[in-house]
Amino acid sequence: MNESLEETKKFYYERYAAKYELPQAYAYAICLKSDNLPIGYIKVDMEEHHDFGYGLRKEFWHQGIVSEAAKAVIEQVKKDGLPYITATHDRKNLRSGKVMQKVGMKYCYSYEEQWQPKNIPVIFRMYQLNFNGNEDFVYKKYWDMYENHFIEEL
């Protein structure tokens, strides 16, 4: 939680507003169609991993809102020529994995990370969606980075 308006403004600028100064970036608010008020966010990072991520206020979970927003963002990044996107989720959060599957992402592998800021071990599942026709390509950075990595039967 941000403690002051200044911290909130700084967070907004660094994480979102600054993206609009880049030649290509994807960071959007998820809004309800009925009132256009923000209830979450969705983004694709422009770093090598092209990480797809989202967050939604809890009272709007399980309504297909993220899946709808994700399909629109994925269509745009595909049209813009990104070769792939990746996404990870804590394997205890099965609903996130279902969203990834629903938008066409495929499970690739799992890895254990000492997750911060809580400093606890977490198993993450890595999903990927390729747009360039190379269905065999798997982004392996997390596999290579973490000693405990494996492929699960889902």
# chains A, B, ... in the order shown; residues from 1 in each chain; ligands from 1
>>> residues_around(residues="region 87-96 of chain A", least_positions_apart="5", cutoff="9 Å", atoms="only C-alpha atoms", output="list of chain:residue names")
A:His49, A:His50, A:Asp51, A:Phe52, A:Gly53, A:His62, A:Gln101, A:Met105, A:Ser110, A:Val122, A:Ile123, A:Phe124, A:Arg125, A:Met126, A:Tyr127, A:Gln128, A:Leu129
>>> residues_around(residues="Val66 (chain A)", least_positions_apart="6", cutoff="9 Å", atoms="only C-alpha atoms", output="PyMOL selection string")
chain A and resi 30+40-42+54-56+99
>>> residues_around(residues="His149 (chain A)", least_positions_apart="6", cutoff="7 Å", atoms="only C-alpha atoms", output="PyMOL selection string")
chain A and resi 110-112+143
>>> select_by_dssp(residues="chain A", states="strand (DSSP E)", output="NGL selection string")
:A and (26-31 or 38-44 or 52-56 or 84-90 or 106-115 or 120-130 or 149-150)
>>> select_by_dssp(residues="chain A", states="alpha helix (DSSP H)", output="number ranges by chain")
A: 5-15, 65-79, 94-102, 141-145
>>> closest_residue(among="A:Met100, A:Glu48, A:Met145, A:Phe137", to="Gln114 (chain A)", atoms="only C-alpha atoms")
A:Met145
>>> closest_residue(among="A:Tyr109, A:Ile39, A:Glu147, A:Lys140", to="Ile65 (chain A)", atoms="only C-alpha atoms")
A:Ile39
>>> decode(residues="chain A", atoms="C-alpha atoms", output="mmCIF file, in the first residue's frame")
data_model
loop_
_atom_site.group_PDB
_atom_site.id
_atom_site.type_symbol
_atom_site.label_atom_id
_atom_site.label_comp_id
_atom_site.auth_asym_id
_atom_site.auth_seq_id
_atom_site.Cartn_x
_atom_site.Cartn_y
_atom_site.Cartn_z
ATOM 1 C CA MET A 1 0.000 0.000 0.000
ATOM 2 C CA ASN A 2 1.326 3.408 -0.873
ATOM 3 C CA GLU A 3 1.550 5.677 2.130
ATOM 4 C CA SER A 4 1.179 9.062 0.448
ATOM 5 C CA LEU A 5 -0.246 10.721 -2.629
ATOM 6 C CA GLU A 6 3.297 11.477 -3.794
ATOM 7 C CA GLU A 7 4.286 7.805 -3.566
ATOM 8 C CA THR A 8 1.129 6.841 -5.436
ATOM 9 C CA LYS A 9 1.890 9.357 -8.189
ATOM 10 C CA LYS A 10 5.471 8.079 -8.447
ATOM 11 C CA PHE A 11 4.281 4.455 -8.629
ATOM 12 C CA TYR A 12 1.741 5.350 -11.342
ATOM 13 C CA TYR A 13 4.289 7.254 -13.392
ATOM 14 C CA GLU A 14 7.041 4.634 -13.179
ATOM 15 C CA ARG A 15 4.820 1.591 -13.762
ATOM 16 C CA TYR A 16 2.244 2.971 -16.198
ATOM 17 C CA ALA A 17 2.445 6.570 -17.462
ATOM 18 C CA ALA A 18 6.107 6.247 -18.499
ATOM 19 C CA LYS A 19 5.116 3.335 -20.761
ATOM 20 C CA TYR A 20 3.360 5.781 -23.084
ATOM 21 C CA GLU A 21 6.691 7.502 -23.759
ATOM 22 C CA LEU A 22 8.128 4.270 -25.189
ATOM 23 C CA PRO A 23 7.860 3.390 -28.884
ATOM 24 C CA GLN A 24 5.960 0.212 -27.958
ATOM 25 C CA ALA A 25 4.399 -0.753 -24.614
ATOM 26 C CA TYR A 26 1.349 -2.514 -23.252
ATOM 27 C CA ALA A 27 -0.044 -1.418 -19.874
ATOM 28 C CA TYR A 28 -3.785 -0.918 -19.601
ATOM 29 C CA ALA A 29 -6.493 -0.426 -17.019
ATOM 30 C CA ILE A 30 -9.292 -2.986 -17.068
ATOM 31 C CA CYS A 31 -12.568 -1.085 -16.820
ATOM 32 C CA LEU A 32 -16.184 -2.129 -16.656
ATOM 33 C CA LYS A 33 -18.095 -1.400 -19.840
ATOM 34 C CA SER A 34 -21.021 -0.061 -17.794
ATOM 35 C CA ASP A 35 -19.192 2.818 -16.106
ATOM 36 C CA ASN A 36 -15.598 2.794 -17.463
ATOM 37 C CA LEU A 37 -14.166 2.734 -13.918
ATOM 38 C CA PRO A 38 -10.870 0.861 -13.434
ATOM 39 C CA ILE A 39 -11.152 -2.462 -11.628
ATOM 40 C CA GLY A 40 -7.760 -3.922 -12.534
ATOM 41 C CA TYR A 41 -4.838 -3.870 -14.931
ATOM 42 C CA ILE A 42 -3.358 -5.939 -17.730
ATOM 43 C CA LYS A 43 0.124 -5.684 -19.232
ATOM 44 C CA VAL A 44 2.770 -7.273 -21.409
ATOM 45 C CA ASP A 45 6.372 -6.369 -20.603
ATOM 46 C CA MET A 46 8.720 -5.416 -23.406
ATOM 47 C CA GLU A 47 11.709 -7.162 -21.833
ATOM 48 C CA GLU A 48 12.979 -10.440 -23.304
ATOM 49 C CA HIS A 49 10.389 -12.555 -21.453
ATOM 50 C CA HIS A 50 7.401 -10.512 -22.752
ATOM 51 C CA ASP A 51 5.666 -11.311 -19.470
ATOM 52 C CA PHE A 52 1.880 -11.143 -19.613
ATOM 53 C CA GLY A 53 0.267 -10.215 -16.301
ATOM 54 C CA TYR A 54 -2.912 -8.906 -14.781
ATOM 55 C CA GLY A 55 -4.661 -8.096 -11.532
ATOM 56 C CA LEU A 56 -8.328 -7.639 -10.757
ATOM 57 C CA ARG A 57 -10.274 -6.517 -7.712
ATOM 58 C CA LYS A 58 -11.539 -9.603 -5.904
ATOM 59 C CA GLU A 59 -15.232 -8.784 -6.241
ATOM 60 C CA PHE A 60 -14.851 -9.086 -10.037
ATOM 61 C CA TRP A 61 -13.123 -12.490 -10.083
ATOM 62 C CA HIS A 62 -14.678 -15.457 -11.941
ATOM 63 C CA GLN A 63 -16.721 -13.364 -14.390
ATOM 64 C CA GLY A 64 -14.567 -13.768 -17.521
ATOM 65 C CA ILE A 65 -13.405 -10.144 -17.382
ATOM 66 C CA VAL A 66 -9.669 -10.899 -17.460
ATOM 67 C CA SER A 67 -10.101 -13.473 -20.228
ATOM 68 C CA GLU A 68 -11.933 -10.917 -22.372
ATOM 69 C CA ALA A 69 -9.302 -8.218 -21.748
ATOM 70 C CA ALA A 70 -6.476 -10.716 -22.304
ATOM 71 C CA LYS A 71 -7.805 -11.795 -25.685
ATOM 72 C CA ALA A 72 -7.858 -8.154 -26.835
ATOM 73 C CA VAL A 73 -4.314 -7.448 -25.596
ATOM 74 C CA ILE A 74 -2.978 -10.710 -27.047
ATOM 75 C CA GLU A 75 -4.521 -9.913 -30.421
ATOM 76 C CA GLN A 76 -2.790 -6.511 -30.360
ATOM 77 C CA VAL A 77 0.681 -7.807 -29.424
ATOM 78 C CA LYS A 78 0.382 -10.503 -32.081
ATOM 79 C CA LYS A 79 -0.603 -7.892 -34.685
ATOM 80 C CA ASP A 80 2.315 -5.693 -33.577
ATOM 81 C CA GLY A 81 4.812 -8.497 -34.198
ATOM 82 C CA LEU A 82 5.853 -9.749 -30.750
ATOM 83 C CA PRO A 83 7.212 -13.267 -31.303
ATOM 84 C CA TYR A 84 5.728 -14.700 -28.066
ATOM 85 C CA ILE A 85 4.455 -13.919 -24.581
ATOM 86 C CA THR A 86 5.071 -15.771 -21.331
ATOM 87 C CA ALA A 87 3.193 -15.836 -18.038
ATOM 88 C CA THR A 88 3.743 -17.511 -14.692
ATOM 89 C CA HIS A 89 1.487 -18.341 -11.792
ATOM 90 C CA ASP A 90 1.835 -19.910 -8.370
ATOM 91 C CA ARG A 91 0.702 -23.495 -8.895
ATOM 92 C CA LYS A 92 -1.666 -23.084 -5.923
ATOM 93 C CA ASN A 93 -3.529 -20.453 -7.961
ATOM 94 C CA LEU A 94 -5.216 -22.795 -10.424
ATOM 95 C CA ARG A 95 -7.612 -20.108 -11.694
ATOM 96 C CA SER A 96 -4.703 -18.084 -13.122
ATOM 97 C CA GLY A 97 -3.564 -21.148 -15.027
ATOM 98 C CA LYS A 98 -7.103 -21.574 -16.377
ATOM 99 C CA VAL A 99 -7.069 -17.973 -17.664
ATOM 100 C CA MET A 100 -3.737 -18.623 -19.400
ATOM 101 C CA GLN A 101 -5.105 -21.781 -20.999
ATOM 102 C CA LYS A 102 -8.350 -20.062 -22.013
ATOM 103 C CA VAL A 103 -6.445 -17.428 -24.003
ATOM 104 C CA GLY A 104 -4.368 -20.073 -25.816
ATOM 105 C CA MET A 105 -1.222 -20.233 -23.709
ATOM 106 C CA LYS A 106 0.452 -23.618 -23.244
ATOM 107 C CA TYR A 107 2.083 -24.934 -20.080
ATOM 108 C CA CYS A 108 5.854 -25.406 -20.574
ATOM 109 C CA TYR A 109 7.479 -26.139 -17.202
ATOM 110 C CA SER A 110 7.538 -25.425 -13.468
ATOM 111 C CA TYR A 111 10.264 -24.053 -11.235
ATOM 112 C CA GLU A 112 10.776 -23.272 -7.572
ATOM 113 C CA GLU A 113 11.698 -19.722 -6.603
ATOM 114 C CA GLN A 114 12.390 -18.186 -3.209
ATOM 115 C CA TRP A 115 9.621 -15.625 -3.606
ATOM 116 C CA GLN A 116 10.069 -12.114 -2.323
ATOM 117 C CA PRO A 117 9.017 -10.120 -0.366
ATOM 118 C CA LYS A 118 7.715 -12.980 1.799
ATOM 119 C CA ASN A 119 10.909 -15.045 1.434
ATOM 120 C CA ILE A 120 9.017 -18.313 0.955
ATOM 121 C CA PRO A 121 9.550 -21.091 -1.605
ATOM 122 C CA VAL A 122 6.904 -21.030 -4.359
ATOM 123 C CA ILE A 123 6.441 -23.360 -7.313
ATOM 124 C CA PHE A 124 5.589 -21.343 -10.421
ATOM 125 C CA ARG A 125 4.176 -22.720 -13.653
ATOM 126 C CA MET A 126 5.416 -21.060 -16.834
ATOM 127 C CA TYR A 127 3.074 -20.726 -19.806
ATOM 128 C CA GLN A 128 3.846 -19.420 -23.276
ATOM 129 C CA LEU A 129 2.068 -18.437 -26.473
ATOM 130 C CA ASN A 130 4.126 -18.206 -29.685
ATOM 131 C CA PHE A 131 3.014 -15.958 -32.537
ATOM 132 C CA ASN A 132 5.847 -16.451 -35.021
ATOM 133 C CA GLY A 133 4.992 -19.994 -36.122
ATOM 134 C CA ASN A 134 7.846 -21.561 -34.139
ATOM 135 C CA GLU A 135 5.747 -23.784 -31.875
ATOM 136 C CA ASP A 136 8.859 -25.606 -30.595
ATOM 137 C CA PHE A 137 10.422 -22.478 -29.066
ATOM 138 C CA VAL A 138 10.271 -22.365 -25.257
ATOM 139 C CA TYR A 139 11.568 -19.419 -23.250
ATOM 140 C CA LYS A 140 14.034 -21.174 -20.896
ATOM 141 C CA LYS A 141 15.382 -18.353 -18.735
ATOM 142 C CA TYR A 142 13.470 -19.423 -15.602
ATOM 143 C CA TRP A 143 14.350 -23.065 -16.256
ATOM 144 C CA ASP A 144 18.034 -22.121 -16.449
ATOM 145 C CA MET A 145 17.891 -19.657 -13.544
ATOM 146 C CA TYR A 146 16.370 -21.980 -10.928
ATOM 147 C CA GLU A 147 17.977 -25.257 -9.945
ATOM 148 C CA ASN A 148 14.689 -26.968 -9.065
ATOM 149 C CA HIS A 149 12.777 -27.116 -12.355
ATOM 150 C CA PHE A 150 10.588 -29.835 -13.824
ATOM 151 C CA ILE A 151 7.647 -30.626 -16.083
ATOM 152 C CA GLU A 152 4.383 -31.538 -14.394
ATOM 153 C CA GLU A 153 1.504 -33.640 -15.702
ATOM 154 C CA LEU A 154 -1.426 -31.229 -15.664
#
